[in-house]
Structures are given as structure tokens and as C-alpha cells.
>>> print(open('query_35.cif').read())   # mmCIF, C-alpha atoms
data_coords
#
loop_
_atom_site.label_atom_id
_atom_site.label_comp_id
_atom_site.auth_asym_id
_atom_site.auth_seq_id
_atom_site.Cartn_x
_atom_site.Cartn_y
_atom_site.Cartn_z
CA MET R 4 35.70 -3.76 -15.47
CA GLU R 5 33.33 -0.92 -14.67
CA THR R 6 33.86 2.27 -16.66
CA THR R 7 33.12 5.56 -14.93
CA VAL R 8 31.64 8.32 -17.05
CA GLN R 9 33.54 11.56 -16.51
CA ALA R 10 31.40 14.40 -15.19
CA THR R 11 30.98 17.41 -17.46
CA ALA R 12 28.79 20.49 -17.55
CA HIS R 13 26.16 18.30 -19.24
CA THR R 14 26.04 15.70 -16.46
CA GLN R 15 22.64 15.46 -14.77
CA LEU R 16 21.91 14.44 -11.21
CA LEU R 17 19.84 11.63 -9.71
CA ALA R 18 19.47 11.08 -5.98
CA VAL R 19 17.88 9.33 -3.04
CA ILE R 20 16.54 11.27 -0.07
CA GLY R 21 15.79 9.91 3.38
CA HIS R 22 16.71 10.15 7.05
CA PRO R 23 18.94 8.38 7.89
CA ILE R 24 20.44 7.51 4.51
CA ALA R 25 24.02 6.31 5.09
CA HIS R 26 22.94 2.65 4.97
CA SER R 27 21.40 2.93 1.49
CA LYS R 28 22.79 0.79 -1.31
CA SER R 29 20.90 2.80 -3.94
CA PRO R 30 23.89 4.98 -4.94
CA GLN R 31 26.21 2.08 -5.75
CA MET R 32 23.43 0.13 -7.48
CA HIS R 33 22.26 2.99 -9.69
CA GLN R 34 25.72 4.37 -10.42
CA ALA R 35 26.90 0.95 -11.54
CA ALA R 36 23.95 0.78 -13.94
CA LEU R 37 24.55 4.30 -15.25
CA ASN R 38 28.23 3.57 -15.80
CA ALA R 39 27.49 0.30 -17.56
CA GLN R 40 25.26 2.14 -20.03
CA GLN R 41 27.63 5.12 -20.30
CA LEU R 42 24.93 7.60 -19.34
CA PRO R 43 25.87 11.18 -18.30
CA LEU R 44 24.18 10.94 -14.92
CA THR R 45 25.46 10.87 -11.33
CA TYR R 46 23.50 9.40 -8.42
CA LEU R 47 23.97 10.78 -4.88
CA ALA R 48 22.39 10.26 -1.45
CA PHE R 49 21.08 13.19 0.59
CA ASP R 50 20.20 12.99 4.27
CA VAL R 51 17.09 15.19 4.52
CA TRP R 52 15.61 15.87 7.95
CA PRO R 53 11.79 15.75 8.06
CA GLU R 54 11.45 19.44 8.91
CA GLU R 55 13.56 20.33 5.86
CA LEU R 56 11.70 18.19 3.31
CA GLN R 57 9.77 20.97 1.58
CA GLU R 58 12.93 23.06 1.27
CA ALA R 59 14.85 20.07 -0.07
CA VAL R 60 12.21 19.35 -2.74
CA SER R 61 12.27 23.00 -3.80
CA GLY R 62 16.06 22.83 -4.04
CA LEU R 63 16.00 19.64 -6.11
CA ARG R 64 13.46 21.24 -8.43
CA ALA R 65 15.50 24.44 -8.76
CA LEU R 66 18.66 22.47 -9.52
CA ARG R 67 16.74 20.52 -12.19
CA VAL R 68 17.66 17.20 -10.66
CA ARG R 69 16.40 14.61 -13.16
CA GLY R 70 14.77 12.44 -10.53
CA TRP R 71 15.15 10.87 -7.13
CA ASN R 72 14.16 7.97 -4.91
CA VAL R 73 12.31 8.63 -1.67
CA THR R 74 12.78 6.46 1.40
CA ILE R 75 11.85 6.48 5.09
CA PRO R 76 10.45 8.76 6.52
CA HIS R 77 9.45 10.86 3.50
CA LYS R 78 7.32 8.55 1.30
CA VAL R 79 4.01 10.01 2.48
CA ALA R 80 5.13 13.47 3.58
CA ILE R 81 6.53 14.37 0.14
CA ILE R 82 3.18 14.06 -1.66
CA PRO R 83 1.93 17.65 -1.03
CA PHE R 84 5.14 19.04 -2.52
CA LEU R 85 4.73 17.27 -5.88
CA ASP R 86 2.76 18.41 -8.91
CA ALA R 87 1.14 15.03 -9.63
CA ILE R 88 1.21 11.38 -8.56
CA ASP R 89 0.29 8.32 -10.61
CA GLU R 90 -2.61 5.98 -9.83
CA ASP R 91 -0.58 3.35 -7.94
CA ALA R 92 1.07 5.97 -5.73
CA ARG R 93 -2.31 7.58 -5.03
CA GLU R 94 -3.93 4.26 -4.10
CA ILE R 95 -0.99 3.15 -1.96
CA GLY R 96 -0.68 6.60 -0.42
CA ALA R 97 3.10 6.75 -0.74
CA VAL R 98 5.76 7.82 -3.25
CA ASN R 99 9.18 6.24 -3.62
CA THR R 100 10.21 7.68 -7.00
CA VAL R 101 10.03 11.22 -8.37
CA VAL R 102 10.55 12.19 -12.01
CA ASN R 103 11.32 15.79 -12.91
CA ASP R 104 9.52 16.22 -16.23
CA GLY R 105 10.62 19.65 -17.41
CA GLY R 106 10.12 21.17 -13.99
CA ARG R 107 6.93 19.23 -13.22
CA LEU R 108 7.49 16.79 -10.35
CA ILE R 109 5.61 13.52 -10.76
CA GLY R 110 5.50 10.91 -8.00
CA TYR R 111 5.37 7.14 -8.52
CA ASN R 112 5.43 4.07 -6.34
CA THR R 113 7.53 1.23 -7.76
CA ASP R 114 7.70 -0.74 -4.49
CA GLY R 115 4.65 -2.88 -5.14
CA ALA R 116 5.39 -3.63 -8.78
CA GLY R 117 9.02 -4.32 -7.91
CA TYR R 118 7.96 -6.77 -5.22
CA LEU R 119 5.55 -8.56 -7.52
CA ALA R 120 8.14 -8.93 -10.30
CA SER R 121 10.71 -10.29 -7.86
CA LEU R 122 8.26 -12.70 -6.20
CA ARG R 123 7.14 -14.15 -9.52
CA GLU R 124 10.65 -14.41 -10.91
CA GLU R 125 12.20 -16.05 -7.85
CA THR R 126 9.39 -18.40 -6.76
CA GLY R 127 7.34 -19.13 -9.89
CA ILE R 128 4.24 -18.56 -7.79
CA THR R 129 0.71 -18.48 -9.27
CA LEU R 130 -0.89 -15.59 -7.44
CA ARG R 131 -4.52 -16.48 -8.16
CA GLU R 132 -4.03 -19.66 -6.10
CA GLN R 133 -2.55 -18.01 -3.01
CA ARG R 134 -4.13 -17.45 0.40
CA VAL R 135 -1.99 -14.69 1.86
CA LEU R 136 -0.95 -13.66 5.36
CA ILE R 137 0.70 -10.23 5.61
CA LEU R 138 2.59 -9.47 8.82
CA GLY R 139 2.53 -5.73 9.49
CA ALA R 140 0.30 -2.88 8.34
CA GLY R 141 2.67 -0.02 7.55
CA GLY R 142 3.55 1.63 4.24
CA ALA R 143 5.34 -1.42 2.85
CA ALA R 144 2.45 -3.68 3.81
CA ARG R 145 0.02 -1.34 2.05
CA ALA R 146 2.04 -1.48 -1.19
CA ILE R 147 2.32 -5.28 -1.03
CA ALA R 148 -1.35 -5.83 -0.15
CA TYR R 149 -2.39 -3.51 -2.98
CA VAL R 150 -0.43 -5.26 -5.73
CA LEU R 151 -1.31 -8.75 -4.49
CA ALA R 152 -5.01 -7.89 -4.35
CA ARG R 153 -4.92 -6.30 -7.80
CA ALA R 154 -3.07 -9.38 -9.12
CA GLY R 155 -5.97 -11.59 -8.11
CA VAL R 156 -5.08 -13.37 -4.87
CA PRO R 157 -8.38 -14.70 -3.48
CA HIS R 158 -7.89 -13.89 0.19
CA ILE R 159 -5.58 -11.72 2.35
CA VAL R 160 -5.28 -11.77 6.13
CA VAL R 161 -3.51 -8.77 7.68
CA ALA R 162 -1.96 -9.26 11.13
CA ASN R 163 -0.47 -6.36 13.02
CA ARG R 164 0.47 -5.49 16.61
CA THR R 165 -2.22 -2.81 16.54
CA ALA R 166 -5.38 -4.51 15.34
CA SER R 167 -7.01 -1.23 14.26
CA ARG R 168 -4.26 -0.65 11.69
CA ALA R 169 -4.70 -4.20 10.41
CA ARG R 170 -8.42 -3.57 9.98
CA GLU R 171 -7.74 -0.30 8.16
CA LEU R 172 -5.43 -2.01 5.65
CA ALA R 173 -7.80 -4.97 5.20
CA SER R 174 -10.64 -2.54 4.53
CA PHE R 175 -8.55 -0.74 1.91
CA VAL R 176 -7.83 -3.90 -0.14
CA ALA R 177 -11.34 -5.33 0.33
CA GLN R 178 -12.38 -3.50 -2.85
CA TRP R 179 -10.31 -6.02 -4.84
CA THR R 180 -10.33 -9.26 -2.81
CA GLU R 181 -11.66 -10.93 0.32
CA THR R 182 -9.85 -9.85 3.48
CA SER R 183 -9.75 -10.22 7.21
CA ALA R 184 -7.71 -8.64 9.98
CA LEU R 185 -6.48 -9.53 13.43
CA ALA R 186 -3.95 -8.62 16.10
CA LEU R 187 -0.56 -10.28 15.77
CA GLU R 188 -1.05 -12.28 18.98
CA GLU R 189 -4.12 -13.89 17.38
CA VAL R 190 -2.28 -15.02 14.26
CA ALA R 191 -2.23 -18.71 15.25
CA ALA R 192 -5.92 -18.87 14.38
CA CYS R 193 -5.33 -18.24 10.68
CA THR R 194 -1.97 -19.68 9.60
CA SER R 195 -2.87 -23.29 8.85
CA ASP R 196 -4.40 -22.62 5.40
CA ARG R 197 -2.04 -19.84 4.30
CA THR R 198 0.05 -20.57 1.20
CA LEU R 199 1.98 -17.26 1.08
CA ILE R 200 3.28 -15.47 4.18
CA VAL R 201 4.82 -12.01 3.74
CA ASN R 202 6.76 -10.24 6.50
CA THR R 203 6.71 -6.48 5.97
CA THR R 204 7.94 -5.62 9.48
CA SER R 205 11.55 -4.90 10.51
CA VAL R 206 11.61 -7.83 12.97
CA GLY R 207 14.67 -9.91 12.18
CA MET R 208 16.64 -7.15 10.48
CA ALA R 209 20.30 -6.70 11.36
CA PRO R 210 21.54 -6.24 14.01
CA HIS R 211 18.58 -7.99 15.73
CA THR R 212 18.89 -11.17 13.71
CA ASP R 213 17.75 -13.50 16.51
CA ALA R 214 14.15 -12.22 16.32
CA THR R 215 11.27 -13.49 14.21
CA PRO R 216 7.80 -11.94 13.68
CA LEU R 217 6.08 -15.34 13.62
CA ASP R 218 6.42 -18.47 15.75
CA PRO R 219 8.12 -20.91 13.34
CA ARG R 220 5.75 -23.66 14.47
CA LEU R 221 2.94 -21.73 12.80
CA ILE R 222 4.55 -21.74 9.34
CA PRO R 223 2.63 -24.19 7.11
CA ALA R 224 4.98 -26.77 5.60
CA GLY R 225 5.50 -26.26 1.89
CA SER R 226 4.19 -22.70 1.80
CA VAL R 227 5.99 -19.70 0.29
CA VAL R 228 7.53 -17.38 2.89
CA SER R 229 8.60 -13.93 1.76
CA ASP R 230 10.52 -11.45 3.92
CA LEU R 231 11.12 -7.88 2.72
CA ILE R 232 14.34 -7.76 4.75
CA TYR R 233 17.57 -8.36 2.80
CA ASN R 234 20.09 -7.75 5.58
CA PRO R 235 20.63 -10.50 6.57
CA ALA R 236 19.93 -12.29 3.30
CA LYS R 237 18.31 -15.14 5.21
CA THR R 238 16.45 -13.98 8.31
CA LEU R 239 15.59 -16.33 11.14
CA LEU R 240 12.05 -16.46 9.74
CA LEU R 241 13.39 -17.65 6.37
CA GLN R 242 15.79 -20.12 8.00
CA GLU R 243 12.96 -21.70 9.94
CA ALA R 244 10.69 -21.70 6.89
CA GLU R 245 13.36 -23.47 4.87
CA LYS R 246 13.55 -26.19 7.53
CA ARG R 247 9.83 -26.77 7.00
CA GLY R 248 10.26 -27.31 3.27
CA CYS R 249 9.04 -23.85 2.30
CA THR R 250 10.05 -21.83 -0.72
CA ILE R 251 11.76 -18.69 0.63
CA HIS R 252 12.12 -15.22 -0.84
CA ASN R 253 13.98 -12.23 0.61
CA GLY R 254 13.82 -8.50 -0.06
CA LEU R 255 16.89 -8.08 -2.27
CA GLY R 256 14.98 -8.79 -5.47
CA MET R 257 12.32 -6.24 -4.55
CA PHE R 258 15.00 -3.64 -3.86
CA ILE R 259 16.60 -4.28 -7.25
CA ARG R 260 13.34 -4.45 -9.18
CA GLN R 261 11.82 -1.29 -7.67
CA GLY R 262 15.11 0.48 -8.42
CA ALA R 263 15.09 -0.81 -11.99
CA LEU R 264 11.58 0.53 -12.57
CA ALA R 265 12.67 3.95 -11.28
CA TYR R 266 15.82 3.82 -13.43
CA GLU R 267 13.74 3.18 -16.53
CA LYS R 268 11.46 6.13 -15.77
CA TRP R 269 14.48 8.45 -15.43
CA THR R 270 16.53 7.20 -18.38
CA GLY R 271 14.04 5.70 -20.82
CA LYS R 272 16.34 2.68 -21.12
CA PRO R 273 15.94 -0.94 -19.97
CA ALA R 274 17.70 -1.32 -16.62
CA PRO R 275 20.78 -3.62 -16.60
CA LEU R 276 19.44 -5.96 -13.92
CA ASP R 277 22.55 -8.15 -13.67
CA VAL R 278 24.74 -5.09 -13.07
CA MET R 279 22.34 -3.75 -10.46
CA ARG R 280 22.08 -7.11 -8.69
CA SER R 281 25.86 -7.45 -8.53
CA ALA R 282 26.28 -3.94 -7.12
CA ALA R 283 23.48 -4.34 -4.57
CA SER R 284 24.82 -7.69 -3.41
CA SER R 285 28.38 -6.52 -2.79
#
>>> encode(input="query_35.cif", output="C-alpha cells")
Amino acid sequence: METTVQATAHTQLLAVIGHPIAHSKSPQMHQAALNAQQLPLTYLAFDVWPEELQEAVSGLRALRVRGWNVTIPHKVAIIPFLDAIDEDAREIGAVNTVVNDGGRLIGYNTDGAGYLASLREETGITLREQRVLILGAGGAARAIAYVLARAGVPHIVVANRTASRARELASFVAQWTETSALALEEVAACTSDRTLIVNTTSVGMAPHTDATPLDPRLIPAGSVVSDLIYNPAKTLLLQEAEKRGCTIHNGLGMFIRQGALAYEKWTGKPAPLDVMRSAASS
């Protein structure tokens, strides 16, 4: 049975900011972890409109909030309002975690590392053997491409509706691995030799669960197919991949792992992953 720590004058605050934010499972996941470890911290969600972001960051600083997660649409826009960002966040160009270190706000990006930990844990994949296709070229795609390239995958193809954005992302990761880019409608030309396909788009997310970002006939049999979506737990893309004998991987593990990395930065304690998984899955 979960024990709730009673709030006192010594209780500190953690948070997530975004717009909208009502759908977020971060509060229940983090609060369950904090309660399990009997830590004097409370985690809340704040709906922050884009035009109020700077004011919100100033308020969080003034209130000495211990730290917070950052979600859509603030991951890039928050950077000018922080005092420093770490190397991964700077390379990726986005922040999803802020630590208040004695009034100094430091930005991190735990999305990529969280994804990598989840992918390895759930699939047993050997990254140096993978030829990757990334669907999408937004902020999530940039984080995923960055960590995969740095982990040693030999080749990444980026496919996006707007080919220029695909080329931009491919150019960014070309400093670490071989890359190519194409428009999404041209993707049939490159799928046959891909061993890892990663969907970073929102296509297939609830409530539009009958959509898929890739023609299932193009999924190579026996490949690994990873979808950052976790609602539904098994998108149409993953259902079709499973039919073709593929190993499938959804976004729940990434959500938990990136949250755990943030939790450890705030608390200095190992995150209780089982507690967080149970809370996020409910």
C-alpha cells in the first residue's frame, strides 16, 4: 500500500510544465516514487501558455522549486531563460528537465538517454549492428537520432513529410555516423535493408489509432520496430510489425526511463523503476 508523505513547511516542490498538460502521467508517476522513498517532495503539473513561459520560469525560480520537467511546446523556448544547459541538451537543442541548483537553473535532456536505456532493456538490441530508419524530424527525432548516432549505429536514414527538415537532421548527425534523408513518400526506396525502424511522429496516437506512418508492407520481416507512442500501448504500426515477426517496442519505457533520470538528478537517489512503471501503466 502506498504511503503518502504529509506536507510540512519543509516540503519542496517538483513540477512539469507544458501546454496542454492535463493528459500528463508525470505527476502520478513521480509522486508514487517520492512516496515510496518517503521523500518530502510534492510533484504538480502546471499548464503554462507559451506567452507566459518566461514569467513562469521566474516564478518557479523565486519559489525555489527544486526542479521540473518540460514538455511540449516549451522544450526549445525555455533555453534562453536558464542559466546553463548540459552538453546533450545543447547538442539536441531541447531541454526536458530543469534542476534548481541553489538558484541556478540548469537544463538537461533525458529523452535520448531514456529512450536508449529502454530500447536496450526491452529488445536486447546491439546498436552497432543496426541500420536505422527514423520517421519524423522534430524534437523527439533529433534526440533519438543523436543518441543512436553517438551509440555507434552505422547508418541512419531520416524520412519526413518535409524533406528539407529530414536533410537538416541528417546533416546534424552526420558528424557521428553515415546518414541520408528523403521525403516520407519516398521511403519505399530505403526500407528493405533497415533493421531498426523508429516512429517519432504522432501518427497512430489515440484517438487516431487507425493510422500508421508507414505502409506495413514496407516493414522488413524480423526487424525491430520502435514507436515512441504509448497510448495506445500497441499502435497499428506495432500490430502490423508483430504480424511480420518483428520485435516491437513502444514509448512507455522511454517515458519511465527519462523520468527516472530526471528523478535521480532532483533527489540524488536511485529511481524506484518498478513503482514508476506501475504508476505510469495504471
>>> resolve_selection(input="query_35.cif", expression="the PyMOL selection byres ((chain R and resi 83) around 12)", output="mmCIF file with C-alpha atoms, keeping the file's coordinate frame")
data_model
loop_
_atom_site.group_PDB
_atom_site.id
_atom_site.type_symbol
_atom_site.label_atom_id
_atom_site.label_comp_id
_atom_site.auth_asym_id
_atom_site.auth_seq_id
_atom_site.Cartn_x
_atom_site.Cartn_y
_atom_site.Cartn_z
ATOM 1 C CA LEU R 56 11.700 18.190 3.310
ATOM 2 C CA GLN R 57 9.770 20.970 1.580
ATOM 3 C CA VAL R 60 12.210 19.350 -2.740
ATOM 4 C CA SER R 61 12.270 23.000 -3.800
ATOM 5 C CA HIS R 77 9.450 10.860 3.500
ATOM 6 C CA LYS R 78 7.320 8.550 1.300
ATOM 7 C CA VAL R 79 4.010 10.010 2.480
ATOM 8 C CA ALA R 80 5.130 13.470 3.580
ATOM 9 C CA ILE R 81 6.530 14.370 0.140
ATOM 10 C CA ILE R 82 3.180 14.060 -1.660
ATOM 11 C CA PHE R 84 5.140 19.040 -2.520
ATOM 12 C CA LEU R 85 4.730 17.270 -5.880
ATOM 13 C CA ASP R 86 2.760 18.410 -8.910
ATOM 14 C CA ALA R 87 1.140 15.030 -9.630
ATOM 15 C CA ILE R 88 1.210 11.380 -8.560
ATOM 16 C CA ARG R 93 -2.310 7.580 -5.030
ATOM 17 C CA GLY R 96 -0.680 6.600 -0.420
ATOM 18 C CA ALA R 97 3.100 6.750 -0.740
ATOM 19 C CA VAL R 98 5.760 7.820 -3.250
ATOM 20 C CA LEU R 108 7.490 16.790 -10.350
ATOM 21 C CA ILE R 109 5.610 13.520 -10.760
ATOM 22 C CA GLY R 110 5.500 10.910 -8.000
#
>>> residues_around(input="query_35.cif", residues="segment 134-140 of chain R", least_positions_apart="3", cutoff="6 Å", atoms="all atoms listed in the file", output="number ranges by chain")
R: 144, 158-163, 169, 197-204
>>> resolve_selection(input="query_35.cif", expression="the PyMOL selection byres ((chain R and resi 263) around 10)", output="ChimeraX atom specification")
/R:32-33,36,113,117,257-262,264-269,272-276,279-280
>>> atom_distance(input="query_35.cif", atom1="atom CA of Tyr46 of chain R", atom2="atom CA of Val68 of chain R")
10.0 Å
>>> resolve_selection(input="query_35.cif", expression="the PyMOL selection byres ((chain R and resi 115) around 9)", output="PyMOL selection string")
chain R and resi 91+95+112-114+116-120+143+145-151+257+261
>>> residues_around(input="query_35.cif", residues="Gly225 of chain R", least_positions_apart="6", cutoff="10 Å", atoms="all atoms listed in the file", output="list in words")
Thr198, Leu199, Ala244, Glu245, Lys246, Arg247, Gly248, Cys249, Thr250 and Ile251 of chain R
>>> decode(input="query_35.cif", residues="segment 210-223 of chain R", atoms="all heavy atoms", output="PDB file, in the first residue's frame")
ATOM      1  N   PRO R 210      -6.616   9.765 -30.249  1.00  0.00           N
ATOM      2  CA  PRO R 210      -7.703   8.844 -30.633  1.00  0.00           C
ATOM      3  C   PRO R 210      -7.629   8.343 -32.080  1.00  0.00           C
ATOM      4  O   PRO R 210      -8.501   7.631 -32.517  1.00  0.00           O
ATOM      5  CB  PRO R 210      -8.940   9.717 -30.444  1.00  0.00           C
ATOM      6  CG  PRO R 210      -8.469  11.089 -30.816  1.00  0.00           C
ATOM      7  CD  PRO R 210      -7.044  11.178 -30.320  1.00  0.00           C
ATOM      8  N   HIS R 211      -6.581   8.688 -32.824  1.00  0.00           N
ATOM      9  CA  HIS R 211      -6.498   8.326 -34.247  1.00  0.00           C
ATOM     10  C   HIS R 211      -5.709   7.026 -34.413  1.00  0.00           C
ATOM     11  O   HIS R 211      -4.670   6.975 -35.061  1.00  0.00           O
ATOM     12  CB  HIS R 211      -5.870   9.467 -35.033  1.00  0.00           C
ATOM     13  CG  HIS R 211      -6.567  10.782 -34.847  1.00  0.00           C
ATOM     14  ND1 HIS R 211      -7.863  11.010 -35.284  1.00  0.00           N
ATOM     15  CD2 HIS R 211      -6.172  11.923 -34.224  1.00  0.00           C
ATOM     16  CE1 HIS R 211      -8.223  12.242 -34.963  1.00  0.00           C
ATOM     17  NE2 HIS R 211      -7.219  12.815 -34.316  1.00  0.00           N
ATOM     18  N   THR R 212      -6.223   5.974 -33.797  1.00  0.00           N
ATOM     19  CA  THR R 212      -5.481   4.720 -33.716  1.00  0.00           C
ATOM     20  C   THR R 212      -5.531   3.883 -34.995  1.00  0.00           C
ATOM     21  O   THR R 212      -4.876   2.841 -35.067  1.00  0.00           O
ATOM     22  CB  THR R 212      -6.005   3.877 -32.542  1.00  0.00           C
ATOM     23  OG1 THR R 212      -7.419   3.655 -32.718  1.00  0.00           O
ATOM     24  CG2 THR R 212      -5.790   4.592 -31.217  1.00  0.00           C
ATOM     25  N   ASP R 213      -6.300   4.318 -35.977  1.00  0.00           N
ATOM     26  CA  ASP R 213      -6.384   3.559 -37.233  1.00  0.00           C
ATOM     27  C   ASP R 213      -5.375   4.043 -38.270  1.00  0.00           C
ATOM     28  O   ASP R 213      -5.400   3.626 -39.429  1.00  0.00           O
ATOM     29  CB  ASP R 213      -7.802   3.634 -37.811  1.00  0.00           C
ATOM     30  CG  ASP R 213      -8.251   5.070 -38.084  1.00  0.00           C
ATOM     31  OD1 ASP R 213      -7.572   5.999 -37.588  1.00  0.00           O
ATOM     32  OD2 ASP R 213      -9.268   5.259 -38.768  1.00  0.00           O
ATOM     33  N   ALA R 214      -4.467   4.921 -37.863  1.00  0.00           N
ATOM     34  CA  ALA R 214      -3.468   5.483 -38.783  1.00  0.00           C
ATOM     35  C   ALA R 214      -2.094   4.870 -38.521  1.00  0.00           C
ATOM     36  O   ALA R 214      -1.785   4.449 -37.403  1.00  0.00           O
ATOM     37  CB  ALA R 214      -3.397   6.994 -38.621  1.00  0.00           C
ATOM     38  N   THR R 215      -1.277   4.831 -39.561  1.00  0.00           N
ATOM     39  CA  THR R 215       0.091   4.342 -39.422  1.00  0.00           C
ATOM     40  C   THR R 215       1.011   5.207 -40.282  1.00  0.00           C
ATOM     41  O   THR R 215       0.630   5.620 -41.380  1.00  0.00           O
ATOM     42  CB  THR R 215       0.201   2.852 -39.821  1.00  0.00           C
ATOM     43  OG1 THR R 215       1.569   2.451 -39.730  1.00  0.00           O
ATOM     44  CG2 THR R 215      -0.293   2.601 -41.228  1.00  0.00           C
ATOM     45  N   PRO R 216       2.217   5.522 -39.799  1.00  0.00           N
ATOM     46  CA  PRO R 216       3.118   6.402 -40.549  1.00  0.00           C
ATOM     47  C   PRO R 216       3.859   5.692 -41.685  1.00  0.00           C
ATOM     48  O   PRO R 216       4.534   6.343 -42.477  1.00  0.00           O
ATOM     49  CB  PRO R 216       4.113   6.855 -39.472  1.00  0.00           C
ATOM     50  CG  PRO R 216       4.169   5.696 -38.536  1.00  0.00           C
ATOM     51  CD  PRO R 216       2.770   5.146 -38.493  1.00  0.00           C
ATOM     52  N   LEU R 217       3.728   4.356 -41.735  1.00  0.00           N
ATOM     53  CA  LEU R 217       4.473   3.584 -42.724  1.00  0.00           C
ATOM     54  C   LEU R 217       3.597   2.454 -43.246  1.00  0.00           C
ATOM     55  O   LEU R 217       2.945   1.757 -42.459  1.00  0.00           O
ATOM     56  CB  LEU R 217       5.739   3.000 -42.075  1.00  0.00           C
ATOM     57  CG  LEU R 217       6.676   2.187 -42.967  1.00  0.00           C
ATOM     58  CD1 LEU R 217       7.329   3.085 -44.004  1.00  0.00           C
ATOM     59  CD2 LEU R 217       7.737   1.494 -42.114  1.00  0.00           C
ATOM     60  N   ASP R 218       3.567   2.273 -44.553  1.00  0.00           N
ATOM     61  CA  ASP R 218       2.844   1.158 -45.152  1.00  0.00           C
ATOM     62  C   ASP R 218       3.391  -0.137 -44.559  1.00  0.00           C
ATOM     63  O   ASP R 218       4.595  -0.419 -44.677  1.00  0.00           O
ATOM     64  CB  ASP R 218       3.056   1.170 -46.671  1.00  0.00           C
ATOM     65  CG  ASP R 218       2.252   0.107 -47.403  1.00  0.00           C
ATOM     66  OD1 ASP R 218       1.900  -0.921 -46.789  1.00  0.00           O
ATOM     67  OD2 ASP R 218       1.998   0.299 -48.607  1.00  0.00           O
ATOM     68  N   PRO R 219       2.563  -0.934 -43.895  1.00  0.00           N
ATOM     69  CA  PRO R 219       3.040  -2.163 -43.251  1.00  0.00           C
ATOM     70  C   PRO R 219       3.787  -3.094 -44.190  1.00  0.00           C
ATOM     71  O   PRO R 219       4.668  -3.851 -43.757  1.00  0.00           O
ATOM     72  CB  PRO R 219       1.760  -2.805 -42.725  1.00  0.00           C
ATOM     73  CG  PRO R 219       0.812  -1.673 -42.543  1.00  0.00           C
ATOM     74  CD  PRO R 219       1.129  -0.719 -43.648  1.00  0.00           C
ATOM     75  N   ARG R 220       3.466  -3.034 -45.474  1.00  0.00           N
ATOM     76  CA  ARG R 220       4.142  -3.909 -46.440  1.00  0.00           C
ATOM     77  C   ARG R 220       5.618  -3.561 -46.590  1.00  0.00           C
ATOM     78  O   ARG R 220       6.410  -4.359 -47.107  1.00  0.00           O
ATOM     79  CB  ARG R 220       3.443  -3.825 -47.801  1.00  0.00           C
ATOM     80  CG  ARG R 220       2.027  -4.391 -47.798  1.00  0.00           C
ATOM     81  CD  ARG R 220       1.307  -4.097 -49.100  1.00  0.00           C
ATOM     82  NE  ARG R 220       1.116  -2.657 -49.294  1.00  0.00           N
ATOM     83  CZ  ARG R 220       0.499  -2.107 -50.333  1.00  0.00           C
ATOM     84  NH1 ARG R 220       0.013  -2.891 -51.288  1.00  0.00           N
ATOM     85  NH2 ARG R 220       0.354  -0.805 -50.436  1.00  0.00           N
ATOM     86  N   LEU R 221       6.007  -2.382 -46.117  1.00  0.00           N
ATOM     87  CA  LEU R 221       7.389  -1.947 -46.224  1.00  0.00           C
ATOM     88  C   LEU R 221       8.226  -2.312 -44.999  1.00  0.00           C
ATOM     89  O   LEU R 221       9.430  -2.048 -44.965  1.00  0.00           O
ATOM     90  CB  LEU R 221       7.449  -0.427 -46.434  1.00  0.00           C
ATOM     91  CG  LEU R 221       6.787   0.100 -47.701  1.00  0.00           C
ATOM     92  CD1 LEU R 221       6.852   1.624 -47.734  1.00  0.00           C
ATOM     93  CD2 LEU R 221       7.437  -0.493 -48.947  1.00  0.00           C
ATOM     94  N   ILE R 222       7.605  -2.895 -43.992  1.00  0.00           N
ATOM     95  CA  ILE R 222       8.330  -3.258 -42.774  1.00  0.00           C
ATOM     96  C   ILE R 222       9.118  -4.549 -43.032  1.00  0.00           C
ATOM     97  O   ILE R 222       8.525  -5.586 -43.338  1.00  0.00           O
ATOM     98  CB  ILE R 222       7.367  -3.482 -41.594  1.00  0.00           C
ATOM     99  CG1 ILE R 222       6.555  -2.205 -41.306  1.00  0.00           C
ATOM    100  CG2 ILE R 222       8.137  -3.910 -40.345  1.00  0.00           C
ATOM    101  CD1 ILE R 222       5.444  -2.407 -40.280  1.00  0.00           C
ATOM    102  N   PRO R 223      10.435  -4.527 -42.924  1.00  0.00           N
ATOM    103  CA  PRO R 223      11.217  -5.745 -43.154  1.00  0.00           C
ATOM    104  C   PRO R 223      10.914  -6.802 -42.090  1.00  0.00           C
ATOM    105  O   PRO R 223      10.933  -6.499 -40.887  1.00  0.00           O
ATOM    106  CB  PRO R 223      12.670  -5.269 -43.052  1.00  0.00           C
ATOM    107  CG  PRO R 223      12.609  -3.788 -43.244  1.00  0.00           C
ATOM    108  CD  PRO R 223      11.302  -3.360 -42.675  1.00  0.00           C
TER     109      PRO R 223
END
